[in-house]
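Okay, so here's the structure we're looking at.
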Amino acid sequence: MTDMQPYSDLAAERLRIFVALLGKWNSVINLVSPASLADVWTRHVEDSAQLLGLVPPYRKLWVDLGAGAGFPGVVIALMTADTTDAVDMVLIESDQRKAAFLTTVSRETSVPMVIHAERIELVVPQQADIVSARALAPLSRLCAFADRHMAAGGMALFPKGGQYCAEVAEARKVWAFDLESHGSKTDPTGAVLKLKDLRRV
């Protein structure tokens with residue numbers, strides 16, 4: 001485990017439960033690559049946790065698209081539970097086995113999360129204050145997903161790797177948005193893209 005100082009004791013314990021469940025389930029349903037599981041605290045937990053520094057401090061509806069193994073949505077929910085910055089977390093994951101894993105994490109950590117085991121395009125629009133997605137799709141497609149589920153005045157947070165500039169250029173052919181690019185704390189070539197005022201060109 002890496003340094004857990006950024007987390008409260010309660011959040012750290014919840015994260016440990018989550019990581020233990022991830023290790024147990026991963027051999028059965030391949031939630032993350034075995035190589036990245038060996039460095040789970042930096043590669044997945046810290047990578048997800050950095051998104052919290054980019055959101056305003058008020059209670060909010062957060063929707064994580066293609067939630068998969070729970071990054072970043074579960075990490076955010078576990079870190080903020082029982083704090084003044086707590087979020088109402090909605091996880092959308094069409095894979096039934098992964099959705100079952102997410103349900104187990106919610107139960108075992110006693111942190112409520114709403115889980116929709118459906119395709120993103122079929123879930124009723126969520127009117128979220130914050131939409132996130134990690135390792136899910138190119139930015140142009142993520143914009144379409146966010147457009148469906150984000151409330152007016154909301155924001156989208158998308159961690160991206162070293163090719164993010166090309167993805168932004170491609171997305172701007174179809175979408176207009178205000179963009180802030182924040183260097184990733186875990187990937188020297190990557191960034192977290194913060195989008196607001198999303199609209200079709």
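Each chain in the structure tokens gets a letter, A, B, ..., in the order shown, and its residues are numbered from 1; ligands are numbered from 1 in order too.
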(Q) Considering only strand (DSSP E) as DSSP defines it on the backbone, what residues of segment 11-188 of chain A qualify? List them as an MDAnalysis selection string. (A) chainID A and resid 60:65 87:92 114:116 128:132 150:160 175:183
Write the residues you've just listed into a file as a short mmCIF file (atom, residue, chain, number, x, y, z; two decimals), in the first residue's frame, and include N, CA, C and O atoms for each of them.
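What landed in part-v2.cif:
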data_model
loop_
_atom_site.label_atom_id
_atom_site.label_comp_id
_atom_site.auth_asym_id
_atom_site.auth_seq_id
_atom_site.Cartn_x
_atom_site.Cartn_y
_atom_site.Cartn_z
N LYS A 60 -23.44 17.00 -4.26
CA LYS A 60 -23.64 16.95 -5.70
C LYS A 60 -24.05 15.56 -6.16
O LYS A 60 -23.77 14.57 -5.50
N LEU A 61 -24.72 15.54 -7.30
CA LEU A 61 -25.04 14.27 -7.95
C LEU A 61 -23.94 13.98 -8.96
O LEU A 61 -23.71 14.75 -9.89
N TRP A 62 -23.27 12.87 -8.75
CA TRP A 62 -22.12 12.48 -9.58
C TRP A 62 -22.48 11.19 -10.30
O TRP A 62 -22.87 10.20 -9.67
N VAL A 63 -22.35 11.17 -11.61
CA VAL A 63 -22.62 9.98 -12.40
C VAL A 63 -21.33 9.51 -13.06
O VAL A 63 -20.68 10.27 -13.79
N ASP A 64 -20.96 8.26 -12.79
CA ASP A 64 -19.76 7.67 -13.38
C ASP A 64 -20.20 6.72 -14.49
O ASP A 64 -20.93 5.76 -14.25
N LEU A 65 -19.75 7.00 -15.70
CA LEU A 65 -20.18 6.26 -16.89
C LEU A 65 -19.24 5.09 -17.17
O LEU A 65 -18.02 5.24 -17.10
N VAL A 87 -20.98 12.85 -1.96
CA VAL A 87 -21.68 12.89 -3.24
C VAL A 87 -22.74 11.81 -3.28
O VAL A 87 -22.65 10.80 -2.59
N ASP A 88 -23.77 12.05 -4.08
CA ASP A 88 -24.74 11.01 -4.40
C ASP A 88 -24.21 10.33 -5.66
O ASP A 88 -24.27 10.91 -6.75
N MET A 89 -23.66 9.13 -5.50
CA MET A 89 -22.95 8.49 -6.61
C MET A 89 -23.86 7.54 -7.37
O MET A 89 -24.50 6.66 -6.78
N VAL A 90 -23.89 7.73 -8.68
CA VAL A 90 -24.61 6.84 -9.59
C VAL A 90 -23.58 6.18 -10.50
O VAL A 90 -22.78 6.89 -11.14
N LEU A 91 -23.60 4.86 -10.55
CA LEU A 91 -22.67 4.11 -11.38
C LEU A 91 -23.45 3.43 -12.50
O LEU A 91 -24.41 2.71 -12.24
N ILE A 92 -23.04 3.69 -13.74
CA ILE A 92 -23.69 3.06 -14.89
C ILE A 92 -22.71 2.06 -15.49
O ILE A 92 -21.62 2.43 -15.92
N VAL A 114 -26.01 4.16 -6.24
CA VAL A 114 -27.04 3.70 -7.17
C VAL A 114 -26.34 3.08 -8.37
O VAL A 114 -25.48 3.72 -8.98
N ILE A 115 -26.70 1.86 -8.71
CA ILE A 115 -26.03 1.14 -9.80
C ILE A 115 -27.06 0.79 -10.87
O ILE A 115 -28.06 0.11 -10.59
N HIS A 116 -26.82 1.27 -12.09
CA HIS A 116 -27.67 0.95 -13.22
C HIS A 116 -26.94 -0.05 -14.11
O HIS A 116 -25.93 0.29 -14.73
N ALA A 128 -26.97 15.13 -13.96
CA ALA A 128 -25.88 15.10 -12.99
C ALA A 128 -25.14 16.43 -12.92
O ALA A 128 -24.97 17.12 -13.93
N ASP A 129 -24.68 16.76 -11.73
CA ASP A 129 -23.80 17.92 -11.56
C ASP A 129 -22.41 17.62 -12.12
O ASP A 129 -21.74 18.49 -12.66
N ILE A 130 -22.00 16.37 -11.96
CA ILE A 130 -20.68 15.93 -12.43
C ILE A 130 -20.83 14.60 -13.14
O ILE A 130 -21.51 13.68 -12.65
N VAL A 131 -20.22 14.50 -14.31
CA VAL A 131 -20.16 13.25 -15.05
C VAL A 131 -18.69 12.88 -15.20
O VAL A 131 -17.85 13.74 -15.50
N SER A 132 -18.37 11.61 -14.99
CA SER A 132 -16.99 11.15 -15.16
C SER A 132 -16.96 9.86 -15.96
O SER A 132 -17.95 9.13 -16.04
N MET A 150 -25.73 15.02 -18.22
CA MET A 150 -25.25 16.16 -17.44
C MET A 150 -26.31 17.25 -17.37
O MET A 150 -26.95 17.58 -18.36
N ALA A 151 -26.46 17.83 -16.19
CA ALA A 151 -27.40 18.93 -16.00
C ALA A 151 -26.84 20.21 -16.59
O ALA A 151 -25.62 20.35 -16.78
N ALA A 152 -27.72 21.15 -16.89
CA ALA A 152 -27.26 22.47 -17.31
C ALA A 152 -26.39 23.06 -16.20
O ALA A 152 -26.74 23.02 -15.02
N GLY A 153 -25.24 23.57 -16.57
CA GLY A 153 -24.31 24.09 -15.58
C GLY A 153 -23.41 23.06 -14.96
O GLY A 153 -22.58 23.38 -14.11
N GLY A 154 -23.55 21.79 -15.39
CA GLY A 154 -22.72 20.73 -14.85
C GLY A 154 -21.35 20.69 -15.50
O GLY A 154 -21.01 21.51 -16.36
N MET A 155 -20.55 19.71 -15.08
CA MET A 155 -19.21 19.55 -15.63
C MET A 155 -18.92 18.08 -15.86
O MET A 155 -19.54 17.20 -15.26
N ALA A 156 -17.98 17.84 -16.76
CA ALA A 156 -17.52 16.48 -17.02
C ALA A 156 -16.03 16.39 -16.72
O ALA A 156 -15.27 17.33 -17.01
N LEU A 157 -15.62 15.28 -16.13
CA LEU A 157 -14.22 15.03 -15.79
C LEU A 157 -13.78 13.74 -16.45
O LEU A 157 -14.32 12.67 -16.15
N PHE A 158 -12.80 13.84 -17.36
CA PHE A 158 -12.35 12.68 -18.11
C PHE A 158 -10.83 12.55 -18.02
O PHE A 158 -10.11 13.30 -18.68
N PRO A 159 -10.31 11.63 -17.22
CA PRO A 159 -8.86 11.36 -17.24
C PRO A 159 -8.48 10.77 -18.59
O PRO A 159 -9.15 9.87 -19.10
N LYS A 160 -7.39 11.28 -19.16
CA LYS A 160 -6.95 10.83 -20.48
C LYS A 160 -5.44 10.62 -20.48
O LYS A 160 -4.70 11.26 -19.73
N TRP A 175 -18.38 18.89 -31.25
CA TRP A 175 -18.81 19.48 -29.98
C TRP A 175 -18.06 20.77 -29.68
O TRP A 175 -16.88 20.90 -30.00
N ALA A 176 -18.76 21.68 -29.05
CA ALA A 176 -18.13 22.89 -28.49
C ALA A 176 -18.18 22.76 -26.97
O ALA A 176 -19.16 22.26 -26.42
N PHE A 177 -17.14 23.20 -26.30
CA PHE A 177 -17.10 23.12 -24.85
C PHE A 177 -15.99 24.02 -24.32
O PHE A 177 -15.01 24.31 -25.01
N ASP A 178 -16.18 24.46 -23.07
CA ASP A 178 -15.11 25.14 -22.35
C ASP A 178 -14.23 24.06 -21.74
O ASP A 178 -14.74 23.14 -21.09
N LEU A 179 -12.93 24.18 -21.92
CA LEU A 179 -12.02 23.12 -21.49
C LEU A 179 -10.93 23.64 -20.57
O LEU A 179 -10.29 24.65 -20.84
N GLU A 180 -10.75 22.92 -19.47
CA GLU A 180 -9.57 23.08 -18.62
C GLU A 180 -8.82 21.75 -18.65
O GLU A 180 -9.42 20.70 -18.45
N SER A 181 -7.53 21.82 -18.90
CA SER A 181 -6.71 20.61 -18.92
C SER A 181 -5.78 20.64 -17.71
O SER A 181 -4.98 21.58 -17.55
N HIS A 182 -5.89 19.64 -16.85
CA HIS A 182 -5.09 19.56 -15.63
C HIS A 182 -4.14 18.38 -15.73
O HIS A 182 -4.58 17.25 -15.95
N GLY A 183 -2.85 18.64 -15.60
CA GLY A 183 -1.87 17.57 -15.67
C GLY A 183 -2.16 16.47 -14.68
O GLY A 183 -2.48 16.73 -13.52
#
(Q) For Leu78 of chain A, find every residue with an atom within 8 Å (counting only C-alpha atoms), except residues of its own chain fewer than 4 positions away, and show them as a VMD selection string. (A) chain A and resid 11 14 to 15 74 109 111
Can you spit out the residues from that selection as an mmCIF file, in the first residue's frame, using N, CA, C and O atoms?
data_model
loop_
_atom_site.group_PDB
_atom_site.id
_atom_site.type_symbol
_atom_site.label_atom_id
_atom_site.label_comp_id
_atom_site.auth_asym_id
_atom_site.auth_seq_id
_atom_site.Cartn_x
_atom_site.Cartn_y
_atom_site.Cartn_z
ATOM 1 N N ALA A 11 -12.093 6.474 5.589
ATOM 2 C CA ALA A 11 -12.001 6.341 4.137
ATOM 3 C C ALA A 11 -10.932 5.320 3.761
ATOM 4 O O ALA A 11 -11.129 4.514 2.849
ATOM 5 N N ARG A 14 -12.289 1.843 4.204
ATOM 6 C CA ARG A 14 -13.224 1.511 3.121
ATOM 7 C C ARG A 14 -12.468 1.197 1.824
ATOM 8 O O ARG A 14 -12.823 0.267 1.092
ATOM 9 N N LEU A 15 -11.449 1.967 1.552
ATOM 10 C CA LEU A 15 -10.656 1.728 0.348
ATOM 11 C C LEU A 15 -9.930 0.388 0.425
ATOM 12 O O LEU A 15 -9.803 -0.318 -0.578
ATOM 13 N N VAL A 74 -16.353 4.677 -7.531
ATOM 14 C CA VAL A 74 -16.357 4.072 -6.197
ATOM 15 C C VAL A 74 -15.353 4.764 -5.287
ATOM 16 O O VAL A 74 -15.635 5.036 -4.110
ATOM 17 N N THR A 109 -18.909 -2.030 2.076
ATOM 18 C CA THR A 109 -18.351 -0.793 2.646
ATOM 19 C C THR A 109 -19.407 0.061 3.335
ATOM 20 O O THR A 109 -19.079 1.074 3.962
ATOM 21 N N VAL A 111 -21.508 1.997 1.997
ATOM 22 C CA VAL A 111 -21.617 3.303 1.334
ATOM 23 C C VAL A 111 -22.656 3.182 0.221
ATOM 24 O O VAL A 111 -22.453 2.441 -0.742
#
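Closest approach to Leu142 of chain A among A:Lys173, A:Gly66, A:Met79, A:Leu21: A:Gly66, based on only C-alpha atoms.
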**Q.** d(atom CA of Cys143 of chain A, atom CA of Pro125 of chain A) in Å
**A.** 13.9 Å
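The nearest approach to Val124 of chain A among the residues A:Ser110, A:His149, A:Glu167, A:Glu93, with only C-alpha atoms taken into account, belongs to A:His149.
Across the structure, atom CA of Ala20 of chain A and atom CA of Asp95 of chain A are spaced 20.7 Å apart.
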(Q) Using only C-alpha atoms, can you tell me which of A:Ser140, A:Gln96, A:Thr83, A:Thr104 comes closest to Trp25 of chain A? (A) A:Thr104
Q: For Thr42 of chain A, list every protein, DNA or RNA residue within 10 Å, evaluated using only C-alpha atoms, and leave out those in the same chain fewer than 2 positions away; present the list as a list in words.
A: Met1, Thr2, Asp3, Ser36, Leu37, Ala38, Asp39, Val40, His44, Val45, Glu46, Asp47, Ser48, Ala49, Lys185, Thr186 and Asp187 of chain A
Only N, CA and C atoms, please: the residues just picked out, written as a tab-separated table (two decimals), in the first residue's frame.
chain	number	residue	atom	x	y	z
A	1	MET	N	0.84	-1.20	0.00
A	1	MET	CA	0.00	0.00	0.00
A	1	MET	C	0.87	1.25	0.00
A	2	THR	N	0.46	2.25	-0.74
A	2	THR	CA	1.19	3.51	-0.74
A	2	THR	C	0.74	4.35	0.44
A	3	ASP	N	1.34	5.53	0.58
A	3	ASP	CA	1.01	6.45	1.66
A	3	ASP	C	-0.48	6.78	1.64
A	36	SER	N	-1.64	-4.01	-13.59
A	36	SER	CA	-2.03	-2.78	-12.91
A	36	SER	C	-2.52	-3.07	-11.49
A	37	LEU	N	-3.03	-4.28	-11.26
A	37	LEU	CA	-3.49	-4.63	-9.92
A	37	LEU	C	-2.32	-4.63	-8.94
A	38	ALA	N	-1.14	-4.96	-9.43
A	38	ALA	CA	0.04	-4.97	-8.56
A	38	ALA	C	0.40	-3.56	-8.08
A	39	ASP	N	-0.04	-2.54	-8.81
A	39	ASP	CA	0.23	-1.15	-8.43
A	39	ASP	C	-1.09	-0.39	-8.26
A	40	VAL	N	-2.07	-1.09	-7.64
A	40	VAL	CA	-3.44	-0.59	-7.62
A	40	VAL	C	-3.59	0.76	-6.92
A	44	HIS	N	-4.67	3.10	-9.90
A	44	HIS	CA	-6.13	3.19	-9.95
A	44	HIS	C	-6.72	4.09	-8.86
A	45	VAL	N	-6.32	3.87	-7.60
A	45	VAL	CA	-6.93	4.64	-6.51
A	45	VAL	C	-6.50	6.11	-6.56
A	46	GLU	N	-5.20	6.37	-6.56
A	46	GLU	CA	-4.73	7.75	-6.61
A	46	GLU	C	-5.14	8.44	-7.91
A	47	ASP	N	-5.11	7.70	-9.00
A	47	ASP	CA	-5.51	8.26	-10.28
A	47	ASP	C	-6.97	8.72	-10.24
A	48	SER	N	-7.80	7.98	-9.54
A	48	SER	CA	-9.21	8.36	-9.38
A	48	SER	C	-9.38	9.50	-8.38
A	49	ALA	N	-8.67	9.41	-7.27
A	49	ALA	CA	-8.84	10.39	-6.19
A	49	ALA	C	-8.50	11.81	-6.62
A	185	LYS	N	-1.66	13.62	-11.98
A	185	LYS	CA	-0.70	13.41	-10.90
A	185	LYS	C	-0.08	12.01	-10.92
A	186	THR	N	-0.64	11.14	-11.76
A	186	THR	CA	-0.15	9.76	-11.79
A	186	THR	C	0.40	9.35	-13.15
A	187	ASP	N	0.16	10.16	-14.17
A	187	ASP	CA	0.63	9.86	-15.53
A	187	ASP	C	1.27	11.12	-16.10
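Distances to Ala133 of chain A were evaluated for A:Ala67, A:Val201, A:Leu195, A:Ala12 using only C-alpha atoms, and the minimum falls at A:Ala67.
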Q) When DSSP works through the backbone of this structure, what residues of segment 71-163 of chain A end up as helix (DSSP H, G or I), shown as a ChimeraX atom specification? A) /A:73-80,96-109,139-149
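Distance check against Ala169 of chain A using only C-alpha atoms: of A:Leu139, A:Val55, A:Thr189, A:Thr103, the minimum falls on A:Leu139.
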